[in-house]
Each structure stands twice: as structure tokens, then as C-alpha cells.
Amino acid sequence: MSSPAPLTDRTALARHRARAASDPALFLHEAAREEVQDRLLVVNRTFTSPAVVTPVPQVWEGMLPGLKLLPDDEVLDLEEGAHDLVVHAMALHWANDPVGQLVQARRALKPDGLLLALCFGGQTLHELRAALGQAEIEVTGGLSPRVAPMGEIRDLGGLLQRAGLALPVADSFTLSASYASALHLMRDLRAMGETNALTGRLRRPTRRAVMLRTAALYAESFGDAEGRVPASFEIVALTGWAPDASQQKPLRPGSAAHRLSDALNTRETPLED
């Protein structure tokens, strides 16, 4: 029985990242670093053996003492139980096994160590996906895989539990960038190393008519009064801890000492069986 082809062509992804390295656009990774720093400030903990999984190590250098930087390979270069903090930074959307990435990160944590993963959420580039899909259908009569699928926050939060992490939390925020046109946005995505690396992508250049129609539809649907267009980037932050006996545990069902109706000063209405 044959296994399905992987979602991401890792060879193409590496090629795109190498091309972008000469003049990279790093503002999303820089925003992710700032977000991580802000979140660590509210954690009452001093981390002595941190690690960051990232495709752009230059952004994260010097963030914490003793920091280990490693690429988002399918098999992460992490030693089991060696770290009290692992940050998985802006790369899960290209992982063929995102749960496996989180499991590897969890195994690398010491008991009660912290995992913080930042990744793109489902609303990322929704403007471009809408315009590009409509343009391709109009011009070619078909639709091909062009943008890596990105999970919704509820689904991404579920990955933490599947990876065996305790006290899981998922939240998100959205960054918006402004461009002169959809074509300028695509140029920036190329400089990010974020162009199409899906295994099922078209293996020939996109027709010029598709790109021009995409730019026109994008401007019509999302352009502002000055003729510029927005691009949305939803960043989902996943937080979980390596299990440890010292962590808070949920109370056993039925063990509450007081009724919620008493605290809310309301009348309790029993439900029928």
C-alpha cells in the first residue's frame, strides 16, 4: 500500500529560502521575536537552556544566553530532555508532520519546560488566496495548489494536546502590511522564501494573464482610496508545558465545595436525564 506524497516539497522550499537569503524580507520573523520576548517577560522563570527552531537564525541570535539555534528539518537537532524552553518559530506551515515537530520539541524539554510555537493561522493571505483563485479559474478554467494550507486556531491548539503537552493555550493576533499592488506583495513573499513549495504545485510558470488578473481583482476587492492593497498575516501562538507533577491539575468532577449558582446569585435549574 503506497503512502501519500508529502504536502511540502522540502527541496523546493530549501531552494526558495536560499534564493531569498541574499536580500531577505524579515519583518514577520522580527515581529515573532518581539512577541516571544513579550510573552517570556510575563513568565516567572529564568531560562538557562533555550532553543529556537527557525529558518532564519540571524533574527534570533542573542535573544537569550546559551541559545541554541537549529533549522526546521523533518528531524530536529534536539537532545531529549536538554532544554527548559523551545521556541518553534514561523515554520510549522511547511512541516509535513506538524504534530511530529511538536512531539520532538516536547521530548527535548525538561520536566515543566515551556514550548512556545508561533505559526501562520488560517486567515493569513486570505485576500491573495481569494483573488488568485478567482483569477486562475477565469483565465484557465481550473484551480491549482498555490498557498500552503494554514490551520485554524482551534485545530492548531489541538496539536498541543496530541503532542502530549500540558496546560495548552492557543491565541492569535493579526499583522497587516500595505503594498502598492498584489504583484509587490508576491515579490515580498519571494524575499521571505515563502513562495509555492507544495508538492502538488504546477511545474510550469504561471501565465502572465493570471498574474495581471489577480492584481486587478485584488485591487478591486481590497484596495483603499490611495490605490494600495492590504495583506493580512494571522499569527497563532501555541503555548504548552512538558508534564510535571508540580503543575496545576483540574479538580475531579463533582468535587466543588460551592455551587456556581450560589456564586452568581441565580436559581439552579436541573436538567432532565
# chains A, B, ... in the order shown; residues from 1 in each chain; ligands from 1

$ select_by_dssp --residues "segment 44-90 of chain A" --states "strand (DSSP E or B)" --output "ChimeraX atom specification"
/A:50-53,68-70,83-89

$ select_by_dssp --residues "segment 103-167 of chain A" --states "alpha helix (DSSP H)" --output "short mmCIF file (atom, residue, chain, number, x, y, z; two decimals) with N, CA and C atoms, in the first residue's frame"
data_model
loop_
_atom_site.label_atom_id
_atom_site.label_comp_id
_atom_site.auth_asym_id
_atom_site.auth_seq_id
_atom_site.Cartn_x
_atom_site.Cartn_y
_atom_site.Cartn_z
N VAL A 103 5.96 17.09 18.93
CA VAL A 103 6.36 15.96 19.77
C VAL A 103 7.87 15.99 19.99
N GLN A 104 8.63 16.25 18.92
CA GLN A 104 10.08 16.32 19.07
C GLN A 104 10.48 17.46 20.01
N ALA A 105 9.79 18.60 19.88
CA ALA A 105 10.07 19.72 20.77
C ALA A 105 9.72 19.39 22.21
N ARG A 106 8.59 18.70 22.42
CA ARG A 106 8.20 18.32 23.79
C ARG A 106 9.21 17.36 24.40
N ARG A 107 9.69 16.40 23.62
CA ARG A 107 10.66 15.44 24.14
C ARG A 107 11.98 16.12 24.50
N HIS A 126 -5.59 35.79 3.19
CA HIS A 126 -6.91 35.44 2.65
C HIS A 126 -7.27 36.30 1.44
N GLU A 127 -6.77 37.53 1.39
CA GLU A 127 -7.03 38.40 0.24
C GLU A 127 -6.38 37.84 -1.02
N LEU A 128 -5.11 37.46 -0.90
CA LEU A 128 -4.39 36.93 -2.05
C LEU A 128 -4.98 35.61 -2.52
N ARG A 129 -5.35 34.75 -1.58
CA ARG A 129 -5.91 33.45 -1.96
C ARG A 129 -7.22 33.63 -2.72
N ALA A 130 -8.05 34.58 -2.28
CA ALA A 130 -9.33 34.81 -2.96
C ALA A 130 -9.11 35.34 -4.38
N ALA A 131 -8.25 36.35 -4.51
CA ALA A 131 -8.02 36.96 -5.82
C ALA A 131 -7.31 35.99 -6.77
N LEU A 132 -6.32 35.27 -6.26
CA LEU A 132 -5.56 34.36 -7.11
C LEU A 132 -6.42 33.19 -7.57
N GLY A 133 -7.24 32.66 -6.68
CA GLY A 133 -8.11 31.56 -7.06
C GLY A 133 -9.13 31.97 -8.11
N GLN A 134 -9.75 33.14 -7.92
CA GLN A 134 -10.74 33.59 -8.90
C GLN A 134 -10.08 33.88 -10.24
N ALA A 135 -8.89 34.48 -10.22
CA ALA A 135 -8.20 34.80 -11.47
C ALA A 135 -7.83 33.53 -12.23
N GLU A 136 -7.35 32.52 -11.54
CA GLU A 136 -6.94 31.30 -12.21
C GLU A 136 -8.15 30.60 -12.84
N ILE A 137 -9.28 30.59 -12.12
CA ILE A 137 -10.49 29.98 -12.67
C ILE A 137 -10.95 30.73 -13.91
N GLU A 138 -10.94 32.06 -13.86
CA GLU A 138 -11.39 32.85 -15.00
C GLU A 138 -10.49 32.65 -16.22
N VAL A 139 -9.18 32.62 -16.00
CA VAL A 139 -8.24 32.59 -17.13
C VAL A 139 -8.01 31.18 -17.65
N THR A 140 -7.89 30.20 -16.75
CA THR A 140 -7.51 28.86 -17.18
C THR A 140 -8.65 27.86 -17.07
N ILE A 153 -7.26 28.31 14.39
CA ILE A 153 -6.69 28.35 15.73
C ILE A 153 -7.13 27.15 16.57
N ARG A 154 -8.40 26.72 16.44
CA ARG A 154 -8.87 25.58 17.23
C ARG A 154 -8.13 24.31 16.85
N ASP A 155 -7.92 24.10 15.55
CA ASP A 155 -7.21 22.91 15.10
C ASP A 155 -5.74 22.94 15.54
N LEU A 156 -5.13 24.11 15.43
CA LEU A 156 -3.73 24.24 15.84
C LEU A 156 -3.57 24.03 17.33
N GLY A 157 -4.53 24.55 18.12
CA GLY A 157 -4.47 24.33 19.55
C GLY A 157 -4.57 22.86 19.90
N GLY A 158 -5.35 22.10 19.13
CA GLY A 158 -5.47 20.67 19.36
C GLY A 158 -4.17 19.92 19.16
N LEU A 159 -3.27 20.48 18.36
CA LEU A 159 -1.98 19.82 18.14
C LEU A 159 -1.18 19.72 19.44
N LEU A 160 -1.34 20.71 20.32
CA LEU A 160 -0.60 20.70 21.59
C LEU A 160 -0.96 19.48 22.42
N GLN A 161 -2.25 19.19 22.51
CA GLN A 161 -2.68 18.03 23.28
C GLN A 161 -2.24 16.74 22.62
N ARG A 162 -2.31 16.70 21.30
CA ARG A 162 -1.87 15.49 20.59
C ARG A 162 -0.38 15.26 20.80
#

$ residues_around --residues "segment 49-60 of chain A" --least-positions-apart "6" --cutoff "7 Å" --atoms "only C-alpha atoms" --output "ChimeraX atom specification"
/A:29-30,33,66-72,83-91

$ write_last_selection --atoms "all heavy atoms" --output "short mmCIF file (atom, residue, chain, number, x, y, z; two decimals), in the first residue's frame"
data_model
loop_
_atom_site.label_atom_id
_atom_site.label_comp_id
_atom_site.auth_asym_id
_atom_site.auth_seq_id
_atom_site.Cartn_x
_atom_site.Cartn_y
_atom_site.Cartn_z
N HIS A 29 9.30 37.65 10.85
CA HIS A 29 10.12 36.94 11.82
C HIS A 29 10.55 37.88 12.96
O HIS A 29 10.62 37.47 14.12
CB HIS A 29 11.34 36.34 11.13
CG HIS A 29 11.00 35.23 10.17
ND1 HIS A 29 10.81 33.93 10.57
CD2 HIS A 29 10.80 35.25 8.83
CE1 HIS A 29 10.50 33.18 9.52
NE2 HIS A 29 10.50 33.96 8.45
N GLU A 30 10.83 39.13 12.61
CA GLU A 30 11.18 40.09 13.65
C GLU A 30 9.99 40.36 14.57
O GLU A 30 10.15 40.49 15.80
CB GLU A 30 11.67 41.38 13.00
CG GLU A 30 13.03 41.21 12.31
CD GLU A 30 13.35 42.35 11.36
OE1 GLU A 30 12.46 43.20 11.10
OE2 GLU A 30 14.51 42.40 10.88
N ARG A 33 9.74 37.42 16.92
CA ARG A 33 10.72 37.51 18.01
C ARG A 33 10.23 38.48 19.09
O ARG A 33 10.32 38.17 20.29
CB ARG A 33 12.08 37.95 17.48
CG ARG A 33 13.07 38.26 18.59
CD ARG A 33 14.44 38.63 18.10
NE ARG A 33 15.22 39.24 19.18
CZ ARG A 33 16.54 39.13 19.34
NH1 ARG A 33 17.23 38.42 18.48
NH2 ARG A 33 17.15 39.72 20.33
N GLY A 66 22.98 31.39 26.11
CA GLY A 66 23.05 29.95 25.89
C GLY A 66 22.08 29.43 24.85
O GLY A 66 21.79 28.23 24.80
N LEU A 67 21.60 30.30 23.97
CA LEU A 67 20.58 29.92 23.00
C LEU A 67 21.14 28.99 21.93
O LEU A 67 22.18 29.24 21.35
CB LEU A 67 20.01 31.18 22.34
CG LEU A 67 18.92 30.98 21.29
CD1 LEU A 67 17.67 30.39 21.92
CD2 LEU A 67 18.59 32.30 20.61
N LYS A 68 20.40 27.90 21.66
CA LYS A 68 20.72 27.01 20.55
C LYS A 68 19.77 27.31 19.41
O LYS A 68 18.55 27.34 19.60
CB LYS A 68 20.61 25.55 20.96
CG LYS A 68 20.84 24.58 19.79
CD LYS A 68 20.79 23.12 20.20
CE LYS A 68 21.05 22.21 19.00
NZ LYS A 68 21.11 20.78 19.36
N LEU A 69 20.31 27.53 18.22
CA LEU A 69 19.52 27.78 17.02
C LEU A 69 19.62 26.58 16.09
O LEU A 69 20.72 26.07 15.86
CB LEU A 69 20.02 29.04 16.31
CG LEU A 69 19.88 30.35 17.10
CD1 LEU A 69 20.68 31.46 16.44
CD2 LEU A 69 18.42 30.74 17.23
N LEU A 70 18.49 26.13 15.57
CA LEU A 70 18.51 24.97 14.69
C LEU A 70 17.45 25.12 13.62
O LEU A 70 16.42 25.78 13.82
CB LEU A 70 18.27 23.69 15.48
CG LEU A 70 16.95 23.57 16.24
CD1 LEU A 70 16.46 22.12 16.21
CD2 LEU A 70 17.15 23.99 17.69
N PRO A 71 17.67 24.51 12.44
CA PRO A 71 16.70 24.62 11.35
C PRO A 71 15.49 23.73 11.58
O PRO A 71 15.51 22.79 12.39
CB PRO A 71 17.51 24.16 10.13
CG PRO A 71 18.52 23.22 10.70
CD PRO A 71 18.88 23.78 12.05
N ASP A 72 14.41 24.01 10.84
CA ASP A 72 13.17 23.24 10.95
C ASP A 72 13.20 22.00 10.07
O ASP A 72 12.29 21.77 9.26
CB ASP A 72 11.97 24.13 10.61
CG ASP A 72 12.04 24.70 9.20
OD1 ASP A 72 13.12 25.20 8.82
OD2 ASP A 72 11.04 24.66 8.48
N HIS A 83 16.43 20.93 27.26
CA HIS A 83 16.08 22.35 27.22
C HIS A 83 14.91 22.67 28.15
O HIS A 83 14.00 21.85 28.33
CB HIS A 83 15.72 22.75 25.78
CG HIS A 83 16.83 22.52 24.80
ND1 HIS A 83 17.90 23.37 24.68
CD2 HIS A 83 17.04 21.51 23.92
CE1 HIS A 83 18.72 22.91 23.76
NE2 HIS A 83 18.23 21.78 23.28
N ASP A 84 14.97 23.87 28.73
CA ASP A 84 13.84 24.33 29.54
C ASP A 84 12.93 25.26 28.75
O ASP A 84 11.87 25.65 29.24
CB ASP A 84 14.31 25.01 30.83
CG ASP A 84 15.32 26.11 30.58
OD1 ASP A 84 15.54 26.50 29.42
OD2 ASP A 84 15.92 26.60 31.57
N LEU A 85 13.31 25.61 27.53
CA LEU A 85 12.49 26.42 26.63
C LEU A 85 12.78 26.03 25.19
O LEU A 85 13.94 25.97 24.78
CB LEU A 85 12.78 27.91 26.81
CG LEU A 85 12.16 28.87 25.78
CD1 LEU A 85 10.64 28.89 25.90
CD2 LEU A 85 12.73 30.28 25.92
N VAL A 86 11.73 25.73 24.42
CA VAL A 86 11.86 25.51 22.98
C VAL A 86 10.86 26.43 22.29
O VAL A 86 9.67 26.40 22.60
CB VAL A 86 11.61 24.05 22.57
CG1 VAL A 86 11.62 23.92 21.05
CG2 VAL A 86 12.66 23.13 23.19
N VAL A 87 11.36 27.23 21.36
CA VAL A 87 10.52 28.10 20.54
C VAL A 87 10.53 27.55 19.12
O VAL A 87 11.60 27.37 18.53
CB VAL A 87 11.02 29.56 20.54
CG1 VAL A 87 10.16 30.42 19.61
CG2 VAL A 87 11.01 30.13 21.96
N HIS A 88 9.36 27.25 18.59
CA HIS A 88 9.24 26.81 17.19
C HIS A 88 8.69 28.00 16.42
O HIS A 88 7.53 28.38 16.58
CB HIS A 88 8.32 25.61 17.08
CG HIS A 88 8.54 24.78 15.85
ND1 HIS A 88 8.36 25.28 14.58
CD2 HIS A 88 8.94 23.48 15.69
CE1 HIS A 88 8.63 24.33 13.69
NE2 HIS A 88 9.00 23.24 14.33
N ALA A 89 9.53 28.61 15.57
CA ALA A 89 9.25 29.95 15.07
C ALA A 89 8.92 29.98 13.57
O ALA A 89 9.81 29.83 12.73
CB ALA A 89 10.43 30.88 15.35
N MET A 90 7.64 30.16 13.25
CA MET A 90 7.19 30.52 11.91
C MET A 90 7.57 29.50 10.83
O MET A 90 7.95 29.87 9.74
CB MET A 90 7.73 31.90 11.54
CG MET A 90 7.43 32.99 12.56
SD MET A 90 5.66 33.28 12.75
CE MET A 90 5.33 34.15 11.22
N ALA A 91 7.45 28.22 11.16
CA ALA A 91 7.82 27.21 10.17
C ALA A 91 6.87 26.02 10.13
O ALA A 91 7.00 25.18 9.24
CB ALA A 91 9.25 26.71 10.44
#

$ residues_around --residues "segment 187-194 of chain A" --least-positions-apart "2" --cutoff "8 Å" --atoms "only C-alpha atoms" --output "mmCIF file with all heavy atoms, in the first residue's frame"
data_model
loop_
_atom_site.group_PDB
_atom_site.id
_atom_site.type_symbol
_atom_site.label_atom_id
_atom_site.label_comp_id
_atom_site.auth_asym_id
_atom_site.auth_seq_id
_atom_site.Cartn_x
_atom_site.Cartn_y
_atom_site.Cartn_z
ATOM 1 N N LEU A 13 11.484 24.052 -1.140
ATOM 2 C CA LEU A 13 11.476 25.008 -0.032
ATOM 3 C C LEU A 13 12.885 25.485 0.280
ATOM 4 O O LEU A 13 13.123 26.691 0.461
ATOM 5 C CB LEU A 13 10.847 24.363 1.203
ATOM 6 C CG LEU A 13 10.788 25.225 2.459
ATOM 7 C CD1 LEU A 13 9.941 26.466 2.229
ATOM 8 C CD2 LEU A 13 10.257 24.415 3.643
ATOM 9 N N HIS A 16 13.969 27.923 -2.384
ATOM 10 C CA HIS A 16 13.343 29.238 -2.234
ATOM 11 C C HIS A 16 13.982 30.030 -1.098
ATOM 12 O O HIS A 16 14.218 31.239 -1.221
ATOM 13 C CB HIS A 16 11.849 29.068 -1.970
ATOM 14 C CG HIS A 16 11.102 28.441 -3.091
ATOM 15 N ND1 HIS A 16 9.808 27.985 -2.971
ATOM 16 C CD2 HIS A 16 11.464 28.181 -4.386
ATOM 17 C CE1 HIS A 16 9.407 27.483 -4.121
ATOM 18 N NE2 HIS A 16 10.389 27.576 -4.988
ATOM 19 N N ARG A 17 14.271 29.355 -0.006
ATOM 20 C CA ARG A 17 14.898 30.041 1.128
ATOM 21 C C ARG A 17 16.315 30.493 0.791
ATOM 22 O O ARG A 17 16.726 31.589 1.192
ATOM 23 C CB ARG A 17 14.912 29.117 2.345
ATOM 24 C CG ARG A 17 13.532 28.915 2.962
ATOM 25 C CD ARG A 17 13.572 27.874 4.069
ATOM 26 N NE ARG A 17 12.304 27.812 4.801
ATOM 27 C CZ ARG A 17 12.048 26.934 5.774
ATOM 28 N NH1 ARG A 17 12.973 26.043 6.117
ATOM 29 N NH2 ARG A 17 10.880 26.944 6.391
ATOM 30 N N ALA A 18 17.054 29.668 0.055
ATOM 31 C CA ALA A 18 18.414 30.056 -0.336
ATOM 32 C C ALA A 18 18.390 31.255 -1.269
ATOM 33 O O ALA A 18 19.233 32.163 -1.162
ATOM 34 C CB ALA A 18 19.110 28.866 -1.005
ATOM 35 N N ARG A 19 17.419 31.305 -2.159
ATOM 36 C CA ARG A 19 17.289 32.443 -3.075
ATOM 37 C C ARG A 19 16.954 33.716 -2.310
ATOM 38 O O ARG A 19 17.459 34.796 -2.617
ATOM 39 C CB ARG A 19 16.199 32.126 -4.101
ATOM 40 C CG ARG A 19 15.942 33.225 -5.130
ATOM 41 C CD ARG A 19 14.839 32.797 -6.097
ATOM 42 N NE ARG A 19 13.583 32.556 -5.389
ATOM 43 C CZ ARG A 19 12.579 31.836 -5.890
ATOM 44 N NH1 ARG A 19 12.686 31.256 -7.071
ATOM 45 N NH2 ARG A 19 11.461 31.678 -5.199
ATOM 46 N N ALA A 20 16.116 33.582 -1.279
ATOM 47 C CA ALA A 20 15.709 34.760 -0.507
ATOM 48 C C ALA A 20 16.812 35.268 0.412
ATOM 49 O O ALA A 20 16.784 36.428 0.830
ATOM 50 C CB ALA A 20 14.470 34.422 0.324
ATOM 51 N N ALA A 21 17.777 34.430 0.741
ATOM 52 C CA ALA A 21 18.781 34.795 1.744
ATOM 53 C C ALA A 21 19.652 35.972 1.327
ATOM 54 O O ALA A 21 20.216 36.668 2.183
ATOM 55 C CB ALA A 21 19.658 33.578 2.045
ATOM 56 N N ASP A 23 18.759 38.812 -0.038
ATOM 57 C CA ASP A 23 18.115 40.085 0.302
ATOM 58 C C ASP A 23 16.774 39.787 0.959
ATOM 59 O O ASP A 23 15.723 40.010 0.375
ATOM 60 C CB ASP A 23 17.932 40.946 -0.953
ATOM 61 C CG ASP A 23 17.424 42.345 -0.627
ATOM 62 O OD1 ASP A 23 17.581 42.785 0.527
ATOM 63 O OD2 ASP A 23 16.862 42.994 -1.530
ATOM 64 N N PRO A 24 16.801 39.281 2.200
ATOM 65 C CA PRO A 24 15.577 38.751 2.795
ATOM 66 C C PRO A 24 14.633 39.827 3.324
ATOM 67 O O PRO A 24 15.054 40.909 3.737
ATOM 68 C CB PRO A 24 16.113 37.894 3.950
ATOM 69 C CG PRO A 24 17.393 38.562 4.341
ATOM 70 C CD PRO A 24 17.975 39.092 3.067
ATOM 71 N N ALA A 25 13.352 39.523 3.303
ATOM 72 C CA ALA A 25 12.333 40.336 3.971
ATOM 73 C C ALA A 25 12.006 39.620 5.273
ATOM 74 O O ALA A 25 11.430 38.528 5.257
ATOM 75 C CB ALA A 25 11.093 40.470 3.089
ATOM 76 N N LEU A 26 12.352 40.209 6.402
ATOM 77 C CA LEU A 26 12.314 39.511 7.681
ATOM 78 C C LEU A 26 11.336 40.111 8.679
ATOM 79 O O LEU A 26 11.332 39.728 9.847
ATOM 80 C CB LEU A 26 13.723 39.512 8.306
ATOM 81 C CG LEU A 26 14.822 38.825 7.490
ATOM 82 C CD1 LEU A 26 16.172 39.003 8.168
ATOM 83 C CD2 LEU A 26 14.513 37.346 7.313
ATOM 84 N N LEU A 183 1.206 42.370 -7.003
ATOM 85 C CA LEU A 183 2.491 41.933 -7.551
ATOM 86 C C LEU A 183 3.634 42.307 -6.618
ATOM 87 O O LEU A 183 4.611 41.558 -6.490
ATOM 88 C CB LEU A 183 2.701 42.550 -8.935
ATOM 89 C CG LEU A 183 1.642 42.181 -9.988
ATOM 90 C CD1 LEU A 183 1.946 42.857 -11.315
ATOM 91 C CD2 LEU A 183 1.541 40.669 -10.162
ATOM 92 N N HIS A 184 3.523 43.455 -5.946
ATOM 93 C CA HIS A 184 4.540 43.836 -4.960
ATOM 94 C C HIS A 184 4.499 42.909 -3.749
ATOM 95 O O HIS A 184 5.540 42.574 -3.178
ATOM 96 C CB HIS A 184 4.340 45.287 -4.534
ATOM 97 C CG HIS A 184 4.704 46.284 -5.595
ATOM 98 N ND1 HIS A 184 3.841 46.618 -6.623
ATOM 99 C CD2 HIS A 184 5.821 47.030 -5.789
ATOM 100 C CE1 HIS A 184 4.421 47.513 -7.401
ATOM 101 N NE2 HIS A 184 5.622 47.781 -6.918
ATOM 102 N N LEU A 185 3.302 42.488 -3.352
ATOM 103 C CA LEU A 185 3.183 41.510 -2.268
ATOM 104 C C LEU A 185 3.870 40.209 -2.656
ATOM 105 O O LEU A 185 4.624 39.629 -1.858
ATOM 106 C CB LEU A 185 1.708 41.259 -1.953
ATOM 107 C CG LEU A 185 1.378 40.013 -1.117
ATOM 108 C CD1 LEU A 185 2.045 40.055 0.245
ATOM 109 C CD2 LEU A 185 -0.131 39.846 -0.988
ATOM 110 N N ASN A 196 5.510 29.280 -3.464
ATOM 111 C CA ASN A 196 4.869 27.970 -3.504
ATOM 112 C C ASN A 196 5.880 26.814 -3.520
ATOM 113 O O ASN A 196 6.632 26.638 -4.477
ATOM 114 C CB ASN A 196 3.975 27.898 -4.745
ATOM 115 C CG ASN A 196 3.041 26.710 -4.720
ATOM 116 O OD1 ASN A 196 3.120 25.853 -3.872
ATOM 117 N ND2 ASN A 196 2.130 26.683 -5.680
ATOM 118 N N ALA A 197 5.869 26.028 -2.443
ATOM 119 C CA ALA A 197 6.718 24.834 -2.375
ATOM 120 C C ALA A 197 5.882 23.582 -2.157
ATOM 121 O O ALA A 197 6.376 22.573 -1.656
ATOM 122 C CB ALA A 197 7.746 24.987 -1.266
#

$ residues_around --residues "segment 165-169 of chain A" --least-positions-apart "2" --cutoff "6 Å" --atoms "only C-alpha atoms" --output "count of residues only"
9

$ residues_around --residues "Gly227 of chain A" --least-positions-apart "4" --cutoff "12 Å" --atoms "only C-alpha atoms" --output "ChimeraX atom specification"
/A:178-182,215-216,218-223

$ residues_around --residues "Thr8 of chain A" --least-positions-apart "3" --cutoff "7 Å" --atoms "only C-alpha atoms" --output "ChimeraX atom specification"
/A:94,96,197-199
